[in-house]
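S.K.: Pasting data17.csv here (CSV, C-alpha atoms and all ligand atoms):
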```csv
chain,number,residue,atom,x,y,z
A,1,MET,CA,-4.6,26.4,-8.0
A,2,PRO,CA,-2.2,23.5,-8.6
A,3,MET,CA,-3.8,20.0,-8.8
A,4,GLU,CA,-2.9,17.8,-5.8
A,5,LYS,CA,-0.6,15.0,-6.8
A,6,PRO,CA,-2.4,11.6,-6.8
A,7,LEU,CA,-1.5,9.2,-3.9
A,8,LEU,CA,-1.0,6.4,-6.5
A,9,ASP,CA,-0.2,7.0,-10.1
A,10,VAL,CA,0.0,3.9,-12.3
A,11,ARG,CA,1.1,4.3,-15.9
A,12,ASN,CA,1.2,1.8,-18.7
A,13,LEU,CA,1.4,-1.2,-16.4
A,14,VAL,CA,2.1,-4.4,-18.2
A,15,LYS,CA,2.4,-7.9,-16.7
A,16,HIS,CA,3.0,-10.8,-19.1
A,17,TYR,CA,3.7,-14.2,-17.7
A,18,PRO,CA,5.9,-16.4,-19.9
A,19,ILE,CA,4.5,-19.8,-20.9
A,20,ARG,CA,7.3,-22.3,-21.4
A,21,GLY,CA,7.2,-25.4,-23.6
A,22,GLY,CA,9.2,-28.0,-25.4
A,23,ILE,CA,12.2,-30.0,-24.0
A,24,LEU,CA,14.3,-26.9,-23.5
A,25,ARG,CA,11.4,-25.1,-21.6
A,26,ARG,CA,11.7,-22.1,-23.9
A,27,THR,CA,9.2,-19.3,-23.7
A,28,VAL,CA,6.6,-20.1,-26.4
A,29,GLN,CA,3.9,-17.7,-25.5
A,30,TYR,CA,2.8,-15.1,-23.0
A,31,ASN,CA,-0.2,-14.8,-20.8
A,32,ARG,CA,-1.0,-11.1,-21.2
A,33,SER,CA,-2.6,-10.8,-17.8
A,34,VAL,CA,-2.2,-7.0,-17.6
A,35,ASP,CA,-1.7,-5.1,-20.8
A,36,ASP,CA,-1.1,-1.3,-20.6
A,37,VAL,CA,-3.2,-0.2,-17.6
A,38,SER,CA,-3.1,3.4,-16.4
A,39,PHE,CA,-5.0,5.0,-13.5
A,40,THR,CA,-4.6,7.3,-10.6
A,41,ILE,CA,-6.1,7.3,-7.1
A,42,ARG,CA,-6.5,10.6,-5.3
A,43,ARG,CA,-5.9,10.8,-1.5
A,44,GLY,CA,-9.0,9.8,0.4
A,45,GLU,CA,-10.9,8.4,-2.5
A,46,THR,CA,-12.0,4.9,-3.4
A,47,LEU,CA,-11.4,3.6,-6.8
A,48,GLY,CA,-13.4,0.5,-7.7
A,49,LEU,CA,-11.7,-1.9,-10.1
A,50,VAL,CA,-14.2,-4.3,-11.6
A,51,GLY,CA,-14.2,-7.2,-14.0
A,52,GLU,CA,-14.8,-10.9,-14.4
A,53,SER,CA,-12.4,-13.5,-12.9
A,54,GLY,CA,-9.2,-13.7,-14.9
A,55,CYS,CA,-9.4,-10.1,-16.3
A,56,GLY,CA,-6.2,-9.1,-14.5
A,57,LYS,CA,-7.5,-7.0,-11.6
A,58,THR,CA,-5.8,-9.0,-8.9
A,59,THR,CA,-2.5,-9.0,-10.9
A,60,VAL,CA,-2.7,-5.2,-11.0
A,61,CYS,CA,-3.0,-5.2,-7.2
A,62,ARG,CA,-0.2,-7.7,-6.7
A,63,THR,CA,2.1,-5.9,-9.1
A,64,ILE,CA,1.6,-2.6,-7.4
A,65,LEU,CA,2.5,-4.2,-4.1
A,66,ARG,CA,5.5,-5.7,-5.9
A,67,LEU,CA,4.5,-9.2,-4.8
A,68,THR,CA,5.2,-9.9,-8.5
A,69,ARG,CA,7.5,-7.9,-10.8
A,70,PRO,CA,6.0,-5.9,-13.6
A,71,THR,CA,7.0,-6.5,-17.3
A,72,SER,CA,7.0,-2.7,-17.8
A,73,GLY,CA,5.3,0.5,-16.6
A,74,THR,CA,5.6,2.7,-13.6
A,75,ALA,CA,3.7,3.0,-10.3
A,76,LEU,CA,4.3,6.1,-8.2
A,77,PHE,CA,3.2,6.1,-4.6
A,78,ASN,CA,3.4,9.5,-3.1
A,79,GLY,CA,5.9,10.3,-5.9
A,80,THR,CA,8.2,7.3,-5.2
A,81,ASP,CA,8.6,4.7,-8.0
A,82,ILE,CA,7.5,1.5,-6.4
A,83,PHE,CA,9.1,-0.6,-9.1
A,84,LYS,CA,12.5,1.0,-8.8
A,85,ALA,CA,12.6,1.1,-5.0
A,86,SER,CA,15.4,-0.7,-3.2
A,87,GLY,CA,14.7,-3.5,-0.7
A,88,ARG,CA,14.8,-1.0,2.2
A,89,GLU,CA,12.7,1.6,0.4
A,90,LEU,CA,10.2,-1.1,-0.5
A,91,ARG,CA,9.8,-2.1,3.2
A,92,GLY,CA,9.1,1.5,4.0
A,93,LEU,CA,6.5,1.8,1.2
A,94,ARG,CA,4.8,-1.4,2.3
A,95,ARG,CA,4.1,0.0,5.7
A,96,HIS,CA,1.9,2.6,3.9
A,97,MET,CA,0.3,0.2,1.5
A,98,GLN,CA,-1.7,-2.7,3.0
A,99,ILE,CA,-3.9,-5.4,1.5
A,100,ILE,CA,-7.1,-7.1,2.7
A,101,PHE,CA,-7.5,-10.5,1.0
A,102,GLN,CA,-10.6,-12.1,-0.3
A,103,ASP,CA,-10.6,-15.2,1.8
A,104,PRO,CA,-10.6,-14.5,5.5
A,105,TYR,CA,-10.2,-18.2,6.2
A,106,ALA,CA,-7.0,-18.6,4.2
A,107,SER,CA,-5.4,-15.3,5.1
A,108,LEU,CA,-5.0,-16.0,8.8
A,109,ASP,CA,-2.5,-18.6,10.1
A,110,PRO,CA,-4.5,-21.1,12.2
A,111,ARG,CA,-1.6,-21.6,14.6
A,112,LEU,CA,-1.3,-18.0,15.6
A,113,THR,CA,-3.5,-16.2,18.1
A,114,ILE,CA,-5.5,-13.2,16.8
A,115,GLY,CA,-3.2,-11.0,18.8
A,116,GLU,CA,-0.1,-12.5,17.1
A,117,SER,CA,-1.7,-12.3,13.7
A,118,VAL,CA,-2.7,-8.7,14.0
A,119,ALA,CA,0.7,-7.7,15.5
A,120,GLU,CA,2.7,-9.5,12.7
A,121,GLY,CA,3.3,-6.3,10.7
A,122,LEU,CA,4.6,-4.4,13.7
A,123,VAL,CA,7.0,-7.3,14.6
A,124,ILE,CA,8.3,-7.5,11.0
A,125,HIS,CA,8.9,-3.7,10.8
A,126,ARG,CA,10.2,-3.7,14.4
A,127,ILE,CA,7.7,-1.1,15.6
A,128,GLY,CA,7.2,-0.5,19.3
A,129,THR,CA,7.9,-2.5,22.4
A,130,ALA,CA,5.9,-5.7,23.3
A,131,LYS,CA,3.7,-3.6,25.6
A,132,GLU,CA,3.1,-0.9,22.9
A,133,ARG,CA,2.2,-3.6,20.3
A,134,THR,CA,-0.3,-5.2,22.7
A,135,GLU,CA,-1.9,-1.8,23.2
A,136,ARG,CA,-2.0,-1.2,19.4
A,137,VAL,CA,-3.5,-4.6,18.8
A,138,ARG,CA,-6.3,-4.0,21.3
A,139,GLY,CA,-7.0,-0.6,19.7
A,140,ALA,CA,-7.1,-2.1,16.2
A,141,LEU,CA,-9.5,-4.8,17.3
A,142,GLU,CA,-11.8,-2.2,18.9
A,143,LYS,CA,-11.7,-0.1,15.7
A,144,VAL,CA,-13.1,-3.0,13.7
A,145,GLY,CA,-15.8,-3.8,16.2
A,146,LEU,CA,-14.2,-6.8,18.0
A,147,HIS,CA,-13.6,-7.2,21.7
A,148,PRO,CA,-10.0,-6.2,22.6
A,149,ASP,CA,-9.9,-9.2,25.1
A,150,HIS,CA,-10.1,-11.6,22.1
A,151,THR,CA,-6.3,-11.4,21.4
A,152,GLN,CA,-5.7,-14.9,22.9
A,153,ARG,CA,-8.3,-16.6,20.7
A,154,PHE,CA,-7.6,-18.5,17.5
A,155,PRO,CA,-9.1,-17.9,14.0
A,156,HIS,CA,-11.3,-21.0,14.1
A,157,GLU,CA,-13.2,-19.4,17.0
A,158,PHE,CA,-14.5,-16.6,14.8
A,159,SER,CA,-17.1,-16.4,12.0
A,160,GLY,CA,-16.3,-15.4,8.4
A,161,GLY,CA,-17.3,-11.8,8.9
A,162,GLN,CA,-15.3,-11.6,12.2
A,163,ARG,CA,-12.3,-13.0,10.5
A,164,GLN,CA,-12.5,-10.4,7.7
A,165,ARG,CA,-12.6,-7.8,10.5
A,166,ILE,CA,-9.4,-9.3,11.9
A,167,GLY,CA,-7.9,-9.0,8.4
A,168,ILE,CA,-8.9,-5.3,8.3
A,169,ALA,CA,-7.3,-4.9,11.8
A,170,ARG,CA,-4.1,-6.4,10.5
A,171,ALA,CA,-4.0,-3.8,7.8
A,172,LEU,CA,-5.0,-0.9,10.0
A,173,ILE,CA,-2.4,-1.5,12.7
A,174,MET,CA,0.3,-0.3,10.3
A,175,GLU,CA,-1.5,3.0,9.9
A,176,PRO,CA,-1.5,2.8,6.1
A,177,GLU,CA,-2.5,5.5,3.7
A,178,LEU,CA,-3.6,3.1,0.9
A,179,ILE,CA,-5.4,-0.2,1.4
A,180,MET,CA,-5.9,-2.6,-1.5
A,181,CYS,CA,-9.2,-4.4,-0.8
A,182,ASP,CA,-9.0,-7.6,-3.0
A,183,GLU,CA,-12.6,-8.8,-3.2
A,184,PRO,CA,-12.9,-8.4,0.6
A,185,VAL,CA,-16.6,-9.4,0.8
A,186,SER,CA,-16.9,-12.0,-2.0
A,187,ALA,CA,-16.5,-14.9,0.3
A,188,LEU,CA,-19.0,-13.6,2.9
A,189,ASP,CA,-22.7,-14.1,3.2
A,190,VAL,CA,-24.8,-11.4,1.7
A,191,SER,CA,-26.1,-10.3,5.2
A,192,VAL,CA,-22.5,-9.8,6.4
A,193,GLN,CA,-21.2,-8.1,3.2
A,194,SER,CA,-23.0,-4.9,3.9
A,195,GLN,CA,-21.6,-4.8,7.5
A,196,VAL,CA,-18.1,-5.1,6.3
A,197,LEU,CA,-18.6,-2.5,3.6
A,198,ASN,CA,-20.1,-0.1,6.1
A,199,LEU,CA,-17.1,-0.7,8.4
A,200,LEU,CA,-14.7,0.0,5.6
A,201,ARG,CA,-16.6,3.2,4.7
A,202,SER,CA,-16.6,4.5,8.3
A,203,LEU,CA,-12.9,3.7,8.8
A,204,GLN,CA,-12.2,5.6,5.6
A,205,GLN,CA,-14.0,8.7,7.0
A,206,GLU,CA,-12.4,8.4,10.4
A,207,LEU,CA,-8.8,7.8,9.3
A,208,GLY,CA,-8.8,9.4,5.8
A,209,LEU,CA,-7.9,6.1,4.1
A,210,THR,CA,-7.5,5.6,0.4
A,211,TYR,CA,-8.9,2.4,-1.1
A,212,LEU,CA,-8.3,0.4,-4.3
A,213,PHE,CA,-11.4,-1.8,-4.1
A,214,ILE,CA,-11.4,-4.8,-6.3
A,215,ALA,CA,-14.6,-6.7,-7.1
A,216,HIS,CA,-16.1,-8.9,-9.9
A,217,ASN,CA,-19.5,-7.4,-9.4
A,218,LEU,CA,-20.5,-3.8,-10.1
A,219,SER,CA,-23.2,-3.8,-7.4
A,220,VAL,CA,-20.5,-4.3,-4.7
A,221,VAL,CA,-18.5,-1.2,-5.7
A,222,GLU,CA,-21.6,0.9,-6.5
A,223,HIS,CA,-21.9,2.3,-3.0
A,224,ILE,CA,-18.3,2.4,-1.8
A,225,SER,CA,-16.5,3.9,-4.9
A,226,ASN,CA,-16.0,7.5,-5.9
A,227,ARG,CA,-14.7,6.4,-9.3
A,228,VAL,CA,-14.9,3.1,-11.0
A,229,ALA,CA,-12.6,1.4,-13.6
A,230,VAL,CA,-13.9,-1.5,-15.6
A,231,MET,CA,-11.4,-4.1,-16.7
A,232,TYR,CA,-11.7,-6.6,-19.5
A,233,LEU,CA,-9.1,-9.1,-20.6
A,234,GLY,CA,-6.1,-7.2,-19.2
A,235,LYS,CA,-7.2,-3.7,-20.1
A,236,ILE,CA,-9.2,-0.9,-18.5
A,237,VAL,CA,-12.1,-0.3,-21.0
A,238,GLU,CA,-13.9,2.4,-19.0
A,239,LEU,CA,-13.1,4.7,-16.1
A,240,ALA,CA,-15.4,7.4,-14.7
A,241,ASP,CA,-16.9,8.8,-11.6
A,242,ARG,CA,-19.5,6.6,-10.1
A,243,GLN,CA,-22.6,8.6,-11.1
A,244,SER,CA,-21.5,9.1,-14.7
A,245,LEU,CA,-20.5,5.5,-15.1
A,246,PHE,CA,-23.8,4.1,-13.8
A,247,ARG,CA,-26.0,6.8,-15.5
A,248,THR,CA,-24.4,6.9,-18.9
A,249,PRO,CA,-22.0,4.0,-19.4
A,250,ARG,CA,-19.7,4.5,-22.5
A,251,HIS,CA,-18.7,0.9,-23.0
A,252,PRO,CA,-21.0,-2.0,-24.0
A,253,TYR,CA,-19.3,-4.3,-21.4
A,254,THR,CA,-20.0,-1.8,-18.6
A,255,ARG,CA,-23.6,-1.6,-19.8
A,256,ALA,CA,-24.0,-5.4,-19.6
A,257,LEU,CA,-22.5,-5.5,-16.1
A,258,ILE,CA,-24.9,-2.7,-15.0
A,259,SER,CA,-27.9,-4.6,-16.5
A,260,ALA,CA,-27.0,-7.6,-14.4
A,261,ILE,CA,-27.5,-5.7,-11.1
A,262,PRO,CA,-30.7,-6.9,-9.5
A,263,ILE,CA,-33.3,-4.0,-8.9
A,264,PRO,CA,-35.0,-4.4,-5.5
A,265,ASP,CA,-38.3,-2.8,-6.8
A,266,PRO,CA,-40.4,-5.6,-8.4
A,267,THR,CA,-42.4,-3.0,-10.4
A,268,VAL,CA,-39.3,-1.8,-12.2
A,269,ARG,CA,-38.3,-3.9,-15.2
A,270,SER,CA,-34.8,-3.6,-16.7
A,271,GLU,CA,-33.5,-5.1,-19.9
A,272,ARG,CA,-30.8,-7.7,-19.0
A,273,ILE,CA,-28.0,-7.9,-21.5
A,274,ILE,CA,-26.7,-11.4,-21.6
A,275,LEU,CA,-23.1,-11.6,-22.9
A,276,GLN,CA,-22.5,-14.5,-25.3
A,277,GLY,CA,-19.6,-16.9,-24.7
A,278,ASP,CA,-16.8,-16.9,-22.2
A,279,VAL,CA,-14.0,-14.4,-21.7
A,280,PRO,CA,-11.3,-15.3,-24.3
A,281,SER,CA,-7.9,-16.4,-23.2
A,282,PRO,CA,-5.4,-13.7,-22.4
A,283,VAL,CA,-2.8,-15.8,-24.1
A,284,ASN,CA,-4.4,-15.2,-27.5
A,285,PRO,CA,-6.6,-12.1,-27.1
A,286,PRO,CA,-8.9,-11.4,-30.1
A,287,PRO,CA,-7.5,-8.8,-32.7
A,288,GLY,CA,-9.0,-5.3,-32.8
A,289,CYS,CA,-11.2,-4.7,-29.9
A,290,ARG,CA,-10.8,-7.5,-27.4
A,291,PHE,CA,-14.4,-7.4,-26.5
A,292,HIS,CA,-15.7,-7.8,-30.1
A,293,PRO,CA,-16.5,-11.6,-30.1
A,294,ARG,CA,-19.0,-10.9,-27.2
A,295,CYS,CA,-20.2,-7.4,-28.1
A,296,TRP,CA,-23.7,-6.9,-29.5
A,297,MET,CA,-22.7,-3.6,-31.0
A,298,ALA,CA,-19.6,-4.9,-32.9
A,299,ARG,CA,-19.1,-3.8,-36.5
A,300,PRO,CA,-16.4,-4.7,-39.0
A,301,LEU,CA,-14.1,-1.9,-37.8
A,302,CYS,CA,-14.1,-3.5,-34.3
A,303,LYS,CA,-12.3,-6.6,-35.6
A,304,GLU,CA,-9.6,-4.6,-37.4
A,305,GLN,CA,-8.7,-1.7,-35.2
A,306,GLU,CA,-8.1,-1.6,-31.5
A,307,PRO,CA,-10.0,1.3,-30.0
A,308,SER,CA,-7.9,3.8,-28.0
A,309,PHE,CA,-8.7,4.7,-24.4
A,310,GLU,CA,-10.0,8.2,-24.8
A,311,GLU,CA,-11.6,10.9,-22.6
A,312,LYS,CA,-15.1,11.0,-24.1
A,313,GLU,CA,-16.4,13.7,-21.7
A,314,PRO,CA,-14.6,15.3,-18.8
A,315,GLY,CA,-13.3,12.6,-16.5
A,316,HIS,CA,-15.1,9.8,-18.4
A,317,TRP,CA,-12.8,7.5,-20.4
A,318,SER,CA,-13.7,4.7,-22.6
A,319,ALA,CA,-12.1,2.3,-25.2
A,320,CYS,CA,-14.9,1.9,-27.7
A,321,HIS,CA,-15.2,3.1,-31.3
A,322,PHE,CA,-18.9,3.8,-30.8
A,323,ALA,CA,-18.9,5.0,-27.2
A,324,GLU,CA,-21.5,7.7,-27.9
A,325,GLU,CA,-24.0,5.1,-28.9
A,326,VAL,CA,-23.8,2.9,-25.8
A,327,SER,CA,-26.4,4.6,-23.6
A,401,LIG,FE1,-18.1,-3.3,-29.1
A,401,LIG,FE2,-16.8,-2.3,-31.1
A,401,LIG,FE3,-17.0,-0.9,-28.9
A,401,LIG,FE4,-15.4,-3.0,-29.0
A,401,LIG,S1,-15.2,-1.1,-30.2
A,401,LIG,S2,-16.9,-2.4,-27.4
A,401,LIG,S3,-16.6,-4.4,-30.3
A,401,LIG,S4,-18.7,-1.5,-30.3
```
Rewrite the coordinates I just gave you, this time as structure tokens.
Ligand code: SF4

M.R.:
Amino acid sequence: MPMEKPLLDVRNLVKHYPIRGGILRRTVQYNRSVDDVSFTIRRGETLGLVGESGCGKTTVCRTILRLTRPTSGTALFNGTDIFKASGRELRGLRRHMQIIFQDPYASLDPRLTIGESVAEGLVIHRIGTAKERTERVRGALEKVGLHPDHTQRFPHEFSGGQRQRIGIARALIMEPELIMCDEPVSALDVSVQSQVLNLLRSLQQELGLTYLFIAHNLSVVEHISNRVAVMYLGKIVELADRQSLFRTPRHPYTRALISAIPIPDPTVRSERIILQGDVPSPVNPPPGCRFHPRCWMARPLCKEQEPSFEEKEPGHWSACHFAEEVS
């Protein structure tokens, strides 16, 4: 049976930001924010993309949406190359790819009513009559658990969790196939986080949505992702299905992130791996394996040779010379 084509196919994505200096403002260095990243997302699945702040995960998301231009690489959405799309094609693609932002306070215009905010995408894409838009706004608010009569209210009248629901309604109203969730629960109280995660999961089941779910914390993606990609300093260092990644991590960085997840059972003790130092600058990444200055398993080879990203077992990829020794 032929394999179904992925909904999103990102290959060798690179995004380097030039750093200018001197009187002539010439490019003197590059910030290697995203450095050769490849992954696919199958229709209906959730891919978690995890890493510390500054690892490049949000840049991956912004580049795929073409909010910023890539340096090189391709991204195929339903077979169409996003980076080569004309302005008109891009507008069409963007209807099917929506984003939910991290900060529900900053992502809503305080001067617009909720009804206006949620309908914005329909207005931009000239979809429906005013009456039809109103009906769709009410339907989207209901879907995310808000009262449809709240359309005339303003963002300040809602809590953080409710505002994030409004952000989800803004995305849903476009009937997208893919939603990029950029740290959608990081700014919320822990008690509200699970409600929003449950809402995203039930909407996925009901509407057959596909998610790219970005987080800096593995515990957030643990229950929502089918597969997880771990990013470090501009590169994906491990990618596997959720069970395989959590049971037998094949990269020391992933193992350290897993060890930091609190275990609710006080009788179970786990060995926490504390990473030394900070994430190095993406302007001057360390030679060889980029993780070697912080890796407790590092050996001389790691400083000299960059490990390639290889499939260590079916569907489980890692960029570590000693992947078999990690678990
Ligand atoms: Fe650590 Fe070496 Fe593996 Fe890099 S290649 S993660 S430094 S053991």

S.K.: Kindly provide, as a PyMOL selection string, all nucleotide and amino acid residues lying within 9 Å of ligand LIG 401 (chain A), counting only C-alpha atoms and all ligand atoms.

M.R.: chain A and resi 237+250-253+288-303+305-307+319-323+325-326

S.K.: Using all atoms listed in the file, find the one residue out of A:Arg165, A:Lys131, A:Arg26, A:Arg66 that sits nearest to Leu146 of chain A.

M.R.: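 The shortest atom-to-atom distance to Leu146 of chain A comes from A:Arg165.
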
S.K.: Could you tell me which of A:Leu197, A:Leu212, A:Ile166, A:Ile127 comes closest to Ile99 of chain A if we count all atoms listed in the file?

M.R.: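 With all atoms listed in the file as the atom set, the closest residue is A:Leu212.
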
S.K.: Using all atoms listed in the file, pick whichever of A:Val60, A:Leu245, A:Leu188, A:Ala119 has the shortest atom-to-atom distance to Arg227 of chain A.

M.R.: A:Leu245

S.K.: Do a neighbour search on His16 of chain A at 6 Å with all atoms listed in the file, toss out local chain neighbours closer than 4 positions, and write the hits as a PyMOL selection string.

M.R.: chain A and resi 30-33

S.K.: How many Å lie between atom CA of His125 of chain A and atom CA of Leu93 of chain A, rounded to one decimal?

M.R.: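 Calculated distance between atom CA of His125 of chain A and atom CA of Leu93 of chain A is 11.3 Å.
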
S.K.: I want to know what sits within 12 Å of Ala106 of chain A, based on all atoms listed in the file, with residues of the same chain fewer than 6 positions away left out; could you give that as a PDB file with C-alpha atoms, in the coordinates of the input?

M.R.:
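Final output, saved to part.pdb:
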```
ATOM      1  CA  ILE A 100      -7.100  -7.100   2.700  1.00  0.00           C
ATOM      2  CA  PRO A 155      -9.100 -17.900  14.000  1.00  0.00           C
ATOM      3  CA  HIS A 156     -11.300 -21.000  14.100  1.00  0.00           C
ATOM      4  CA  GLY A 160     -16.300 -15.400   8.400  1.00  0.00           C
ATOM      5  CA  ARG A 163     -12.300 -13.000  10.500  1.00  0.00           C
ATOM      6  CA  GLN A 164     -12.500 -10.400   7.700  1.00  0.00           C
ATOM      7  CA  GLY A 167      -7.900  -9.000   8.400  1.00  0.00           C
ATOM      8  CA  ALA A 187     -16.500 -14.900   0.300  1.00  0.00           C
TER       9      ALA A 187
END
```

S.K.: When you count all atoms listed in the file, which of these residues is closest to Leu172 of chain A: A:Arg91, A:Lys15, A:Lys143, A:Arg201?

M.R.: A:Lys143

S.K.: Determine, counting all atoms listed in the file, which protein, DNA and RNA residues have an atom within 7 Å of an atom of Thr58 of chain A; residues of the same chain fewer than 3 positions away are not included. Present the result as a ChimeraX atom specification.

M.R.: /A:61-62,182

S.K.: Identify which of the residues A:Thr254, A:Thr46, A:Thr63, A:Ser219 lies closest to Leu200 of chain A, counting all atoms listed in the file when measuring atom-to-atom distances.

M.R.: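 Checking each candidate against Leu200 of chain A, we get A:Thr46 as the closest.
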